[in-house]
Each structure stands twice: as C-alpha cells, then as structure tokens.
>>> print(open('entry.txt').read())   # compact mmCIF, C-alpha atoms (C1' of nucleotides)
# COMPACT_ATOMS: atom_id res chain seq x y z
CA MET G 22 118.47 72.79 80.14
CA LYS G 23 115.68 70.26 80.34
CA ARG G 24 114.40 68.82 77.12
CA PHE G 25 111.74 71.18 75.93
CA VAL G 26 109.19 68.41 75.50
CA GLU G 27 109.10 68.15 79.26
CA VAL G 28 108.20 71.78 79.63
CA GLU G 29 105.52 71.50 76.97
CA GLN G 30 104.12 68.46 78.67
CA TRP G 31 104.04 70.32 81.92
CA LEU G 32 102.20 73.24 80.32
CA LYS G 33 99.58 70.90 78.90
CA THR G 34 98.94 69.27 82.24
CA HIS G 35 98.37 72.77 83.56
CA GLY G 36 95.61 73.26 81.03
CA ILE G 37 97.63 75.61 78.88
CA ARG G 38 96.88 75.37 75.21
CA LEU G 39 100.00 75.28 73.06
CA THR G 40 100.40 77.74 70.22
CA ASP G 41 103.46 78.59 68.17
CA GLN G 42 103.69 81.94 69.93
CA ARG G 43 103.59 80.42 73.37
CA ARG G 44 106.16 77.83 72.48
CA LEU G 45 108.47 80.57 71.30
CA VAL G 46 107.93 82.79 74.33
CA VAL G 47 108.55 79.92 76.72
CA ARG G 48 111.64 78.76 74.89
CA ARG G 49 113.15 82.20 74.89
CA ALA G 50 112.22 82.75 78.52
CA VAL G 51 114.02 79.64 79.67
CA ALA G 52 117.10 80.83 77.80
CA TYR G 53 117.40 83.67 80.28
CA LEU G 54 118.08 83.84 83.97
CA HIS G 55 116.34 87.12 84.67
CA PHE G 56 114.65 89.32 82.10
CA THR G 57 112.14 92.12 81.80
CA ALA G 58 108.95 91.83 79.78
CA GLU G 59 110.14 94.34 77.20
CA GLU G 60 113.45 92.58 76.75
CA LEU G 61 111.60 89.38 76.06
CA VAL G 62 109.29 91.12 73.60
CA LYS G 63 112.27 92.42 71.69
CA ASP G 64 113.97 89.05 71.81
CA VAL G 65 111.11 86.89 70.57
CA ARG G 66 110.53 89.35 67.76
CA GLU G 67 113.89 88.41 66.36
CA TYR G 68 112.43 84.97 65.76
CA ASP G 69 108.93 86.07 64.78
CA ALA G 70 108.62 89.73 63.96
CA SER G 71 104.84 89.66 63.96
CA ILE G 72 104.39 88.51 67.53
CA ALA G 73 102.26 90.99 69.42
CA ARG G 74 103.43 92.63 72.58
CA GLY G 75 100.17 91.70 74.24
CA THR G 76 100.84 88.05 73.53
CA VAL G 77 104.12 88.16 75.40
CA TYR G 78 102.56 89.88 78.38
CA ARG G 79 99.62 87.48 78.37
CA THR G 80 101.90 84.49 78.18
CA LEU G 81 104.04 85.75 81.02
CA ALA G 82 101.00 86.31 83.20
CA MET G 83 99.88 82.80 82.42
CA LEU G 84 103.24 81.25 83.21
CA GLN G 85 103.35 83.18 86.42
CA GLN G 86 99.89 81.95 87.31
CA ALA G 87 100.96 78.40 86.58
CA GLY G 88 104.00 78.84 88.80
CA MET G 89 106.63 78.53 86.11
CA VAL G 90 107.98 82.07 86.34
CA GLU G 91 108.15 84.62 89.14
CA LYS G 92 107.89 88.36 88.85
CA HIS G 93 110.26 90.40 90.98
CA ASP G 94 110.19 94.11 91.65
CA PHE G 95 113.76 95.15 92.00
CA ARG G 96 114.53 98.66 92.94
CA TYR G 97 115.21 100.13 89.54
CA GLY G 98 113.30 99.89 86.33
CA PRO G 99 110.45 97.58 85.41
CA PRO G 100 109.87 94.22 87.10
CA ASN G 101 112.15 91.32 86.40
CA TYR G 102 110.90 87.86 85.50
CA GLU G 103 112.64 84.70 86.53
CA VAL G 104 112.01 81.16 85.35
CA THR G 105 111.58 79.11 88.49
CA PHE G 106 110.53 75.87 86.83
CA ALA G 107 111.98 73.05 88.95
CA LYS G 108 113.98 75.41 91.11
CA ALA G 109 114.11 75.69 94.90
CA HIS G 110 113.04 78.83 96.72
CA HIS G 111 115.69 81.49 97.10
CA ASP G 112 116.13 85.19 97.77
CA HIS G 113 118.17 87.84 95.98
CA LEU G 114 121.19 89.99 96.48
CA MET G 115 121.73 92.70 93.93
CA CYS G 116 124.69 94.92 93.15
CA LEU G 117 123.55 98.51 92.75
CA HIS G 118 126.52 99.31 90.53
CA CYS G 119 126.62 96.60 87.93
CA GLY G 120 123.18 95.07 88.42
CA GLU G 121 124.51 91.57 89.11
CA ILE G 122 121.91 89.39 90.82
CA ILE G 123 122.92 86.61 93.20
CA GLU G 124 120.44 84.02 94.34
CA PHE G 125 120.92 82.52 97.76
CA GLN G 126 119.09 80.32 100.19
CA GLU G 127 118.80 80.96 103.90
CA PRO G 128 116.50 78.50 105.65
CA ARG G 129 116.88 80.25 108.99
CA TRP G 130 114.95 83.16 107.57
CA GLU G 131 112.02 81.04 106.72
CA ARG G 132 111.75 80.08 110.35
CA LEU G 133 111.91 83.65 111.57
CA GLN G 134 109.22 84.56 109.09
CA ASP G 135 106.86 81.94 110.37
CA GLU G 136 107.42 83.34 113.81
CA VAL G 137 106.53 86.86 112.73
CA ALA G 138 103.47 85.66 110.88
CA LYS G 139 102.30 83.82 113.93
CA ARG G 140 102.91 86.89 116.06
CA TYR G 141 100.39 88.84 113.97
CA LYS G 142 98.12 85.88 113.26
CA TYR G 143 98.77 86.12 109.55
CA GLN G 144 98.49 83.19 107.20
CA LEU G 145 101.71 83.60 105.24
CA LEU G 146 101.50 83.22 101.47
CA THR G 147 104.72 84.55 100.01
CA HIS G 148 107.53 86.91 100.77
CA THR G 149 110.26 88.82 99.04
CA HIS G 150 113.57 89.50 100.54
CA LYS G 151 116.07 91.56 98.66
CA LEU G 152 119.45 92.78 99.71
CA TYR G 153 121.11 95.66 97.88
CA GLY G 154 124.75 96.52 98.01
CA VAL G 155 127.99 96.70 96.10
CA CYS G 156 129.70 93.56 94.85
CA ALA G 157 133.37 92.89 95.47
CA SER G 158 134.56 93.86 92.00
CA CYS G 159 132.58 97.11 91.93
CA GLN G 160 134.01 97.97 95.34
CA ARG G 161 137.46 97.55 93.85
CA SER G 162 136.79 99.57 90.73
CA GLY G 163 135.27 102.16 93.06
CA GLU G 164 132.58 103.21 90.65
CA LYS G 165 130.56 106.20 91.65
CA ARG G 166 127.49 106.14 89.47
CA LEU G 167 124.39 104.30 90.58
CA ALA G 168 122.75 101.28 89.02
CA GLU G 169 121.31 101.12 85.60
CA PRO G 170 118.65 98.44 85.39
CA PRO G 171 120.45 95.07 85.27
CA HIS G 172 121.58 94.15 81.84
CA LEU G 173 121.07 90.83 80.16
CA HIS G 174 122.81 88.83 77.54
CA VAL G 175 120.86 87.15 74.81
CA GLU G 176 121.70 83.47 74.63
CA GLU G 177 121.11 81.17 71.76
CA MET G 178 117.71 79.63 71.27
CA VAL G 179 117.28 76.39 73.25
CA ALA G 180 116.55 73.40 71.07
CA MET X 12 102.75 114.48 115.56
CA LYS X 13 105.85 116.57 116.04
CA ARG X 14 105.47 120.31 115.87
CA PHE X 15 105.86 121.20 112.23
CA VAL X 16 108.50 123.83 112.96
CA GLU X 17 110.82 120.98 113.86
CA VAL X 18 110.33 119.35 110.49
CA GLU X 19 110.89 122.65 108.68
CA GLN X 20 114.02 123.23 110.69
CA TRP X 21 115.24 119.81 109.78
CA LEU X 22 114.58 120.45 106.10
CA LYS X 23 116.56 123.67 106.24
CA THR X 24 119.55 121.99 107.84
CA HIS X 25 119.41 119.54 104.96
CA GLY X 26 119.81 122.39 102.53
CA ILE X 27 116.23 122.26 101.31
CA ARG X 28 114.79 125.60 100.38
CA LEU X 29 111.31 126.13 101.77
CA THR X 30 108.50 127.11 99.45
CA ASP X 31 104.76 127.17 100.06
CA GLN X 32 104.34 124.13 97.86
CA ARG X 33 106.96 122.13 99.70
CA ARG X 34 105.53 123.05 103.03
CA LEU X 35 102.14 121.84 101.91
CA VAL X 36 103.44 118.60 100.43
CA VAL X 37 105.42 117.79 103.55
CA ARG X 38 102.54 118.60 105.86
CA ARG X 39 100.17 116.43 103.95
CA ALA X 40 102.72 113.63 103.69
CA VAL X 41 103.22 113.44 107.44
CA ALA X 42 99.44 113.18 107.83
CA TYR X 43 99.58 109.75 106.20
CA LEU X 44 101.16 106.49 107.18
CA HIS X 45 101.62 105.10 103.70
CA PHE X 46 100.55 106.77 100.48
CA THR X 47 101.16 106.68 96.76
CA ALA X 48 102.45 109.65 94.81
CA GLU X 49 99.18 110.08 92.95
CA GLU X 50 97.16 110.00 96.16
CA LEU X 51 99.31 112.74 97.53
CA VAL X 52 98.93 114.80 94.35
CA LYS X 53 95.17 114.56 94.60
CA ASP X 54 95.26 115.37 98.28
CA VAL X 55 97.44 118.47 98.16
CA ARG X 56 95.35 119.79 95.30
CA GLU X 57 92.45 120.05 97.66
CA TYR X 58 94.45 122.68 99.48
CA ASP X 59 96.05 124.31 96.46
CA ALA X 60 94.46 123.39 93.17
CA SER X 61 97.26 124.87 91.11
CA ILE X 62 100.06 122.74 92.49
CA ALA X 63 101.76 120.87 89.67
CA ARG X 64 102.09 117.14 89.64
CA GLY X 65 105.76 117.49 88.88
CA THR X 66 106.24 119.53 92.05
CA VAL X 67 104.86 116.71 94.18
CA TYR X 68 107.08 114.15 92.51
CA ARG X 69 110.11 116.39 92.79
CA THR X 70 109.44 117.05 96.44
CA LEU X 71 109.00 113.38 97.18
CA ALA X 72 112.27 112.55 95.46
CA MET X 73 113.95 115.23 97.51
CA LEU X 74 112.51 114.03 100.79
CA GLN X 75 113.55 110.53 99.93
CA GLN X 76 117.04 111.72 99.16
CA ALA X 77 117.17 113.55 102.47
CA GLY X 78 116.03 110.39 104.25
CA MET X 79 112.69 111.67 105.43
CA VAL X 80 110.52 109.32 103.39
CA GLU X 81 111.06 105.85 102.00
CA LYS X 82 109.69 104.45 98.78
CA HIS X 83 108.41 100.88 98.89
CA ASP X 84 107.46 98.65 96.01
CA PHE X 85 104.69 96.50 97.25
CA ARG X 86 103.32 93.81 95.06
CA TYR X 87 100.34 95.59 93.61
CA GLY X 88 99.98 99.00 92.11
CA PRO X 89 102.42 101.90 92.17
CA PRO X 90 105.06 102.34 94.85
CA ASN X 91 104.09 103.38 98.33
CA TYR X 92 105.78 106.17 100.22
CA GLU X 93 106.27 106.15 103.95
CA VAL X 94 107.35 108.98 106.19
CA THR X 95 110.24 107.60 108.22
CA PHE X 96 111.26 110.82 109.89
CA ALA X 97 112.50 109.89 113.39
CA LYS X 98 111.41 106.29 113.02
CA ALA X 99 113.42 103.10 113.59
CA HIS X 100 114.09 100.62 110.81
CA HIS X 101 111.37 98.05 110.26
CA ASP X 102 110.06 95.64 107.68
CA HIS X 103 106.55 95.05 106.38
CA LEU X 104 103.83 92.47 106.49
CA MET X 105 100.94 93.05 104.11
CA CYS X 106 97.50 91.50 103.88
CA LEU X 107 96.73 90.57 100.29
CA HIS X 108 93.01 90.83 100.91
CA CYS X 109 92.47 94.13 102.64
CA GLY X 110 95.82 95.80 102.02
CA GLU X 111 96.59 96.34 105.70
CA ILE X 112 100.28 97.00 106.30
CA ILE X 113 101.97 96.00 109.54
CA GLU X 114 105.42 97.25 110.42
CA PHE X 115 107.60 95.04 112.52
CA GLN X 116 111.17 94.82 113.70
CA GLU X 117 113.27 91.69 113.74
CA PRO X 118 116.89 92.32 114.71
CA ARG X 119 117.85 88.69 114.19
CA TRP X 120 117.31 89.22 110.48
CA GLU X 121 119.77 92.02 110.32
CA ARG X 122 122.42 89.68 111.65
CA LEU X 123 121.63 86.97 109.13
CA GLN X 124 121.82 89.56 106.39
CA ASP X 125 125.26 90.64 107.36
CA GLU X 126 126.29 87.03 107.24
CA VAL X 127 124.96 86.59 103.71
CA ALA X 128 126.58 89.81 102.55
CA LYS X 129 129.90 88.66 103.93
CA ARG X 130 129.47 85.29 102.24
CA TYR X 131 129.37 87.01 98.84
CA LYS X 132 131.76 89.82 99.76
CA TYR X 133 129.07 92.44 99.26
CA GLN X 134 129.04 95.77 100.96
CA LEU X 135 125.44 95.92 102.11
CA LEU X 136 123.58 99.18 101.57
CA THR X 137 119.90 98.52 102.08
CA HIS X 138 117.38 95.74 101.96
CA THR X 139 113.68 95.20 101.66
CA HIS X 140 111.88 92.40 103.30
CA LYS X 141 108.20 91.98 102.72
CA LEU X 142 105.87 89.26 103.88
CA TYR X 143 102.54 88.76 102.18
CA GLY X 144 99.63 86.84 103.59
CA VAL X 145 96.12 87.05 104.92
CA CYS X 146 95.36 88.85 108.16
CA ALA X 147 93.30 87.25 110.92
CA SER X 148 90.10 89.09 110.15
CA CYS X 149 90.24 88.41 106.42
CA GLN X 150 90.85 84.74 107.20
CA ARG X 151 87.64 84.78 109.21
CA SER X 152 85.57 86.58 106.63
CA GLY X 153 86.99 84.09 104.14
CA GLU X 154 87.19 86.56 101.28
CA LYS X 155 88.10 85.16 97.91
CA ARG X 156 89.10 88.12 95.82
CA LEU X 157 92.69 89.29 95.75
CA ALA X 158 94.18 92.55 96.90
CA GLU X 159 93.30 95.91 95.56
CA PRO X 160 96.11 98.34 96.12
CA PRO X 161 96.00 99.31 99.79
CA HIS X 162 93.53 102.04 100.47
CA LEU X 163 94.19 105.14 102.52
CA HIS X 164 92.12 107.49 104.54
CA VAL X 165 92.63 111.21 104.22
CA GLU X 166 93.23 112.73 107.62
CA GLU X 167 92.87 116.32 108.56
CA MET X 168 95.66 118.71 107.78
CA VAL X 169 98.29 118.81 110.50
CA ALA X 170 98.69 122.21 112.05
C1' DT J 24 90.32 63.16 59.25
C1' DC J 25 87.00 66.75 59.68
C1' DT J 26 84.45 70.13 62.21
C1' DG J 27 82.73 73.36 65.67
C1' DT J 28 83.84 76.36 68.93
C1' DA J 29 86.13 78.29 72.78
C1' DG J 30 90.45 80.04 73.35
C1' DT J 31 94.12 82.82 71.32
C1' DT J 32 96.17 86.23 68.40
C1' DG J 33 97.84 90.86 66.13
C1' DA J 34 97.14 95.54 65.66
C1' DG J 35 96.76 99.46 67.51
C1' DA J 36 94.26 102.65 70.53
C1' DC J 37 94.36 103.62 75.26
C1' DT J 38 95.82 104.33 80.23
C1' DG J 39 98.49 105.39 84.32
C1' DA J 40 102.47 106.80 86.31
C1' DG J 41 106.14 109.33 86.03
C1' DT J 42 109.66 112.60 83.53
C1' DC J 43 111.15 116.59 81.03
C1' DT J 44 111.37 121.29 79.26
C1' DC J 45 111.21 125.98 79.64
C1' DA J 46 109.53 130.52 80.55
C1' DA J 47 107.83 132.80 84.60
C1' DT J 48 108.20 133.22 89.48
C1' DT J 49 110.25 133.29 94.13
C1' DG J 50 113.20 132.34 98.47
C1' DG J 51 116.48 134.00 100.94
C1' DC J 52 121.45 135.82 101.10
C1' DT J 53 123.62 140.41 101.08
C1' DA W 11 115.25 146.26 98.42
C1' DG W 12 117.71 143.79 94.79
C1' DC W 13 119.63 139.89 92.70
C1' DC W 14 119.95 135.42 90.91
C1' DA W 15 120.01 130.53 91.43
C1' DA W 16 116.54 127.48 92.64
C1' DT W 17 111.86 126.34 92.04
C1' DT W 18 107.45 126.27 89.88
C1' DG W 19 103.25 125.28 86.60
C1' DA W 20 101.75 123.72 82.39
C1' DG W 21 101.65 120.59 79.36
C1' DA W 22 104.00 117.62 76.00
C1' DC W 23 106.24 113.37 76.20
C1' DT W 24 107.76 108.52 77.42
C1' DC W 25 107.50 104.05 78.91
C1' DA W 26 105.34 99.97 80.48
C1' DG W 27 101.51 97.70 80.41
C1' DT W 28 96.26 96.86 79.31
C1' DC W 29 92.24 96.50 76.48
C1' DT W 30 89.28 95.62 72.49
C1' DC W 31 87.81 93.17 68.75
C1' DA W 32 87.73 90.90 64.37
C1' DA W 33 90.29 87.18 62.42
C1' DC W 34 92.50 82.93 63.27
C1' DT W 35 93.54 78.25 65.33
C1' DA W 36 94.13 74.23 68.70
C1' DC W 37 92.14 70.46 69.84
C1' DA W 38 88.00 67.56 71.78
C1' DG W 39 84.65 64.98 69.94
C1' DA W 40 82.17 62.92 65.77
>>> encode(input="entry.txt", output="structure tokens")
Amino acid sequence: MKRFVEVEQWLKTHGIRLTDQRRLVVRRAVAYLHFTAEELVKDVREYDASIARGTVYRTLAMLQQAGMVEKHDFRYGPPNYEVTFAKAHHDHLMCLHCGEIIEFQEPRWERLQDEVAKRYKYQLLTHTHKLYGVCASCQRSGEKRLAEPPHLHVEEMVA
Amino acid sequence: MKRFVEVEQWLKTHGIRLTDQRRLVVRRAVAYLHFTAEELVKDVREYDASIARGTVYRTLAMLQQAGMVEKHDFRYGPPNYEVTFAKAHHDHLMCLHCGEIIEFQEPRWERLQDEVAKRYKYQLLTHTHKLYGVCASCQRSGEKRLAEPPHLHVEEMVA
DNA sequence: TCTGTAGTTGAGACTGAGTCTCAATTGGCT
DNA sequence: AGCCAATTGAGACTCAGTCTCAACTACAGA
C-alpha cells in the first residue's frame, strides 16, 4: 500500500480537513478491498471506541464525493464500498454462493456503451455492470444455499 | 395490456393461490412500468385500505420468485420493481436529472459476458447493467440539481 | 505561537424500508 | 359443505442510515 502521507496529502489538496477520526477511517478503509459501512464502523471502533457512527458515514460520503471510494449496490445486503484511489475502472463478477468478488476490465464494453448512449442522445456519466454466478469452487462443492452478504477479513492496520 | 385472466391463469400454473389481495396487487403492479414497493403499498390501499404492508411485500417476493417481476437496485432510493411478464431481456439507461428510465437491448453484450464468465470459470446466472447519464432534454434545460428517485404516475386500474 | 471561527464531532433521537410473529381468516381440494 | 394448509392484518421489531445540536478542534491569519 502507498505511504499514507500520500493519501493525506491528496485529501488536503481536495480541501478535506484532517482530523484524527478521518485519518483513522481512511486508514482502515484502505486496509480493505470491499467493505460495508457498518463493517467499517465496527472496525474503526476497535481502534477508537468513541468514534460516532455518523462520523464514519459522513467520512465515507466525503471520500466518495472526492472520488477516493466508490459505493456499489450488490444484490444482497447493504451497499459495498471500494477504495478506488489510483485504480483503473473495472466491473464486477460476484459469486452468489460464497460472495467472492472478482474485478475485471473489458474495454469493448465501454465502446458499446458509448454507442447506446449516443443512440438515445444521453450524456453518459457512469455505469455499473455486475455479473452474478457461481464460481468454479462452489460449482464443485455443489452448494445449494444462496449467498449471504459477502464476508470480509479484517487486516492489520496500515502504517 | 393482456387480459387479466391470462395473468391469473399463469399464476395458478405457477402454484400461486389466488386471493383478493393478490389479485389487487398484481393488477396494480401491471398498471405501472417501474415502481417501488412503498409506492405500490400506497396505491393498492386506495382500493383496499385494509391491505397490510406485509402482504404487498410478500406478494412482490412471490412474483419475483415466479419470474413475473424483477427487482432493480438503481442508484438512488429504494429498489425498483418492474413487471417483466412476457417481456424480453433488456438493460437500463437512467437519467440522473429527471429519473427517466430507458430500456434497451444489446445482444453483443451478452456475448462479451459469456466470454468473461468463461475466463473466470463462472457459471453465469444473471447480470445487471445500468448506464447513468443525462437525457437530451435535461441537457438542454441545463438543470443543476441531482436526481430525485424516479417519479411515477398512477394509472387507472386495469380491468 | 496564539486566536477566532468555520468546520467537525459524539450522542442519541429519529426515519424509512423491510421483516417477523401469531391469531384469525380463507381458498380451493374432496 | 367441511377441512386444513396457506394466507392475511396488525403491529412490534430490526437494520441501515440520517439528523440535530451543543461541545470541540483544525488551521488560516495576526
């Protein structure tokens, strides 16, 4: 992971005032790949029990605004956040059994999209493209039950 | 719209027991293009004030299960339901200013999807593909404010 | 380094959307 | 017509997220 100073610098240049709470939220966020707001709330509270839930939500909204994280509505459970800082655009493929999320790029899509937008005279701003299926290993284990919301592992705090 | 008898017949063959409440919910649902659960609750209550909110949600879940409606998570507000009874697969293009939703088909996508799924050895089940932008008329009127959840018009009860 | 102030925070009440429970009711097979 | 499993209404409950406001704090400027 990038030195954290870089991220802080970047936040400052985006007019974001740095507080201890924000530093913590951002640090913990970058330690994840995908996470839900509530998971992050729980996680940061292990480092600072007094941090308010509202603060986490506010910070996430701010980071999203600044383009550092993206909010994704997957099919099950609450929205998932993803840190996209210095990351190329990609779409998602999700396993409905184990909740695994694969990110992939497919430039040919982007072209088709532009075509569709032109067809309807839309000025395209964003898009979401999500594929849902069953991953190879779940196919093998032949599980029957349907997806729980994807589960995350807590990693160590980034220095 | 199709004669309602047809729809009822179809429900029966899908093992769905017909009750007055279900008949009402289904009739009102097919009167819309896209609607949210709460909009439908409010709407059916104009015909039967005593209908329980839970009944509407249960019926929607059932119709979804049976493949008669689809649930879409658009970017703003609660999920949107769409009656897909006897309707070909399509994706969506939404205007972030006025909430207009355009349905379009793009078979070339389906092929690309299969390719991606194969690449990761996924068995593909479904997908969602949503484009967001600004429609031609909103571009002209140059509105600044961002999307309210799409707004619906209540149509007359289908006979 | 100090200060003023606009921006940020914690706490907790509040909201919206959806789920659950359970006793009472009902559809539809026989 | 009678039976009983499925369905319903009512309302309590949950979960995720928002809002309010007094107290606190980052940081630009003196």
>>> residues_around(input="entry.txt", residues="G:Ala138", least_positions_apart="3", cutoff="12 Å", atoms="all atoms listed in the file", output="compact mmCIF listing (two decimals) with C-alpha atoms, in the frame of the given file")
# COMPACT_ATOMS: atom_id res chain seq x y z
CA GLU G 131 112.02 81.04 106.72
CA ARG G 132 111.75 80.08 110.35
CA LEU G 133 111.91 83.65 111.57
CA GLN G 134 109.22 84.56 109.09
CA ASP G 135 106.86 81.94 110.37
CA TYR G 141 100.39 88.84 113.97
CA LYS G 142 98.12 85.88 113.26
CA TYR G 143 98.77 86.12 109.55
CA GLN G 144 98.49 83.19 107.20
CA LEU G 145 101.71 83.60 105.24
CA LEU G 146 101.50 83.22 101.47
CA THR G 147 104.72 84.55 100.01
CA HIS G 148 107.53 86.91 100.77
CA HIS X 103 106.55 95.05 106.38
CA LEU X 104 103.83 92.47 106.49
CA MET X 105 100.94 93.05 104.11
CA CYS X 106 97.50 91.50 103.88
CA ILE X 113 101.97 96.00 109.54
CA GLU X 114 105.42 97.25 110.42
CA PHE X 115 107.60 95.04 112.52
CA GLU X 117 113.27 91.69 113.74
CA LYS X 141 108.20 91.98 102.72
CA LEU X 142 105.87 89.26 103.88
CA TYR X 143 102.54 88.76 102.18
CA GLY X 144 99.63 86.84 103.59
CA VAL X 145 96.12 87.05 104.92
CA CYS X 146 95.36 88.85 108.16
CA ALA X 147 93.30 87.25 110.92
>>> interface_residues(input="entry.txt", of="chain J", to="chain X", cutoff="9 Å", atoms="all atoms listed in the file", output="PyMOL selection string")
chain J and resi 40-42+49-51
>>> interface_residues(input="entry.txt", of="chain W", to="chain X", cutoff="10 Å", atoms="all atoms listed in the file", output="list of chain:residue names")
W:DA16, W:DT17, W:DT18, W:DG19, W:DA20
>>> atom_distance(input="entry.txt", atom1="atom C1' of J:DT53", atom2="atom CA of X:Asp31")
23.1 Å
>>> residues_near_point(input="entry.txt", point="(113.2, 78.3, 90.6)", cutoff="10 Å", atoms="all atoms listed in the file", output="list in words")
Leu54, Gly88, Met89, Val90, Glu91, Glu103, Val104, Thr105, Phe106, Ala107, Lys108, Ala109, His110, His111 and Glu124 of chain G
>>> write_last_selection(input="entry.txt", atoms="C-alpha atoms", output="PDB file, keeping the file's coordinate frame")
ATOM      1  CA  LEU G  54     118.080  83.840  83.970  1.00  0.00           C
ATOM      2  CA  GLY G  88     104.000  78.840  88.800  1.00  0.00           C
ATOM      3  CA  MET G  89     106.630  78.530  86.110  1.00  0.00           C
ATOM      4  CA  VAL G  90     107.980  82.070  86.340  1.00  0.00           C
ATOM      5  CA  GLU G  91     108.150  84.620  89.140  1.00  0.00           C
ATOM      6  CA  GLU G 103     112.640  84.700  86.530  1.00  0.00           C
ATOM      7  CA  VAL G 104     112.010  81.160  85.350  1.00  0.00           C
ATOM      8  CA  THR G 105     111.580  79.110  88.490  1.00  0.00           C
ATOM      9  CA  PHE G 106     110.530  75.870  86.830  1.00  0.00           C
ATOM     10  CA  ALA G 107     111.980  73.050  88.950  1.00  0.00           C
ATOM     11  CA  LYS G 108     113.980  75.410  91.110  1.00  0.00           C
ATOM     12  CA  ALA G 109     114.110  75.690  94.900  1.00  0.00           C
ATOM     13  CA  HIS G 110     113.040  78.830  96.720  1.00  0.00           C
ATOM     14  CA  HIS G 111     115.690  81.490  97.100  1.00  0.00           C
ATOM     15  CA  GLU G 124     120.440  84.020  94.340  1.00  0.00           C
TER      16      GLU G 124
END
>>> residues_near_point(input="entry.txt", point="(93.1, 95.6, 65.2)", cutoff="9 Å", atoms="only C-alpha atoms (C1' of nucleotides)", output="JSON list (two decimals) with C-alpha atoms (C1' of nucleotides), in the coordinates of the input")
[["chain", "number", "residue", "atom", "x", "y", "z"],
["J", 33, "DG", "C1'", 97.84, 90.86, 66.13],
["J", 34, "DA", "C1'", 97.14, 95.54, 65.66],
["J", 35, "DG", "C1'", 96.76, 99.46, 67.51],
["J", 36, "DA", "C1'", 94.26, 102.65, 70.53],
["W", 30, "DT", "C1'", 89.28, 95.62, 72.49],
["W", 31, "DC", "C1'", 87.81, 93.17, 68.75],
["W", 32, "DA", "C1'", 87.73, 90.90, 64.37]]
>>> atom_distance(input="entry.txt", atom1="atom CA of X:Gln75", atom2="atom CA of X:Val36")
12.9 Å
>>> closest_residue(input="entry.txt", among="G:His150, G:Arg43, G:Lys33, G:Arg49", to="G:Arg96", atoms="only C-alpha atoms")
G:His150
>>> decode(input="entry.txt", residues="stretch 40-53 of chain J", atoms="N, CA, C and O atoms (P, O5', C5', C4', C3', O3' and C1' of nucleotides)", output="compact mmCIF listing (two decimals), in the first residue's frame")
# COMPACT_ATOMS: atom_id res chain seq x y z
P DA J 40 -38.85 4.84 2.15
O5' DA J 40 -38.39 3.36 2.50
C5' DA J 40 -37.03 3.01 2.29
C4' DA J 40 -36.87 1.56 2.63
C3' DA J 40 -37.94 0.67 2.02
O3' DA J 40 -37.28 -0.46 1.49
C1' DA J 40 -37.84 0.34 4.34
P DG J 41 -38.03 -1.47 0.52
O5' DG J 41 -38.06 -2.74 1.45
C5' DG J 41 -36.83 -3.18 2.03
C4' DG J 41 -37.13 -3.95 3.26
C3' DG J 41 -38.08 -5.13 3.05
O3' DG J 41 -37.31 -6.31 3.23
C1' DG J 41 -38.46 -4.01 5.09
P DT J 42 -37.90 -7.74 3.25
O5' DT J 42 -38.02 -8.06 4.81
C5' DT J 42 -36.86 -8.00 5.61
C4' DT J 42 -37.20 -8.54 6.98
C3' DT J 42 -37.87 -9.90 6.94
O3' DT J 42 -37.20 -10.67 7.93
C1' DT J 42 -39.19 -8.40 8.20
P DC J 43 -37.50 -12.23 8.15
O5' DC J 43 -38.43 -12.22 9.45
C5' DC J 43 -38.03 -11.45 10.57
C4' DC J 43 -39.07 -11.60 11.66
C3' DC J 43 -39.75 -12.97 11.67
O3' DC J 43 -39.62 -13.46 12.99
C1' DC J 43 -41.38 -11.22 11.61
P DT J 44 -40.15 -14.94 13.38
O5' DT J 44 -41.47 -14.62 14.21
C5' DT J 44 -41.50 -13.46 15.04
C4' DT J 44 -42.84 -13.39 15.73
C3' DT J 44 -43.55 -14.74 15.81
O3' DT J 44 -44.21 -14.78 17.06
C1' DT J 44 -44.89 -13.23 14.59
P DC J 45 -44.69 -16.17 17.72
O5' DC J 45 -46.27 -16.00 17.79
C5' DC J 45 -46.85 -14.71 18.12
C4' DC J 45 -48.29 -14.71 17.67
C3' DC J 45 -48.91 -16.11 17.56
O3' DC J 45 -50.26 -16.01 17.98
C1' DC J 45 -49.15 -15.01 15.53
P DA J 46 -51.00 -17.30 18.70
O5' DA J 46 -52.46 -16.73 18.96
C5' DA J 46 -52.67 -15.32 19.20
C4' DA J 46 -53.76 -14.81 18.27
C3' DA J 46 -54.98 -15.73 18.15
O3' DA J 46 -56.14 -14.91 18.14
C1' DA J 46 -54.04 -15.38 16.00
P DA J 47 -57.62 -15.53 17.84
O5' DA J 47 -57.87 -15.08 16.33
C5' DA J 47 -57.96 -13.69 16.03
C4' DA J 47 -58.33 -13.55 14.58
C3' DA J 47 -59.62 -14.27 14.17
O3' DA J 47 -60.29 -13.40 13.28
C1' DA J 47 -57.82 -15.03 12.83
P DT J 48 -61.65 -13.84 12.55
O5' DT J 48 -61.15 -14.20 11.08
C5' DT J 48 -60.49 -13.18 10.31
C4' DT J 48 -60.09 -13.79 9.01
C3' DT J 48 -61.23 -14.38 8.19
O3' DT J 48 -61.22 -13.67 6.96
C1' DT J 48 -59.38 -15.84 8.24
P DT J 49 -62.28 -13.98 5.82
O5' DT J 49 -61.51 -15.02 4.91
C5' DT J 49 -60.28 -14.61 4.29
C4' DT J 49 -59.82 -15.74 3.39
C3' DT J 49 -60.92 -16.31 2.50
O3' DT J 49 -60.32 -16.52 1.25
C1' DT J 49 -59.87 -18.03 3.69
P DG J 50 -61.07 -16.38 -0.09
O5' DG J 50 -60.22 -17.38 -0.98
C5' DG J 50 -58.80 -17.21 -1.07
C4' DG J 50 -58.18 -18.51 -1.54
C3' DG J 50 -58.82 -19.13 -2.76
O3' DG J 50 -57.74 -19.65 -3.52
C1' DG J 50 -59.03 -20.61 -0.90
P DG J 51 -57.93 -20.17 -4.97
O5' DG J 51 -58.21 -21.71 -4.73
C5' DG J 51 -57.16 -22.54 -4.19
C4' DG J 51 -57.76 -23.89 -3.89
C3' DG J 51 -58.70 -24.44 -4.99
O3' DG J 51 -58.51 -25.84 -5.03
C1' DG J 51 -59.81 -24.43 -3.01
P DC J 52 -57.76 -26.51 -6.25
O5' DC J 52 -57.81 -28.07 -5.88
C5' DC J 52 -56.76 -28.65 -5.09
C4' DC J 52 -57.36 -29.61 -4.07
C3' DC J 52 -58.15 -30.75 -4.72
O3' DC J 52 -57.56 -32.00 -4.36
C1' DC J 52 -59.40 -29.71 -2.94
P DT J 53 -58.34 -33.38 -4.39
O5' DT J 53 -59.37 -33.19 -3.19
C5' DT J 53 -59.05 -33.67 -1.89
C4' DT J 53 -60.34 -34.24 -1.30
C3' DT J 53 -60.98 -35.29 -2.19
O3' DT J 53 -61.53 -36.32 -1.39
C1' DT J 53 -62.52 -33.55 -1.78
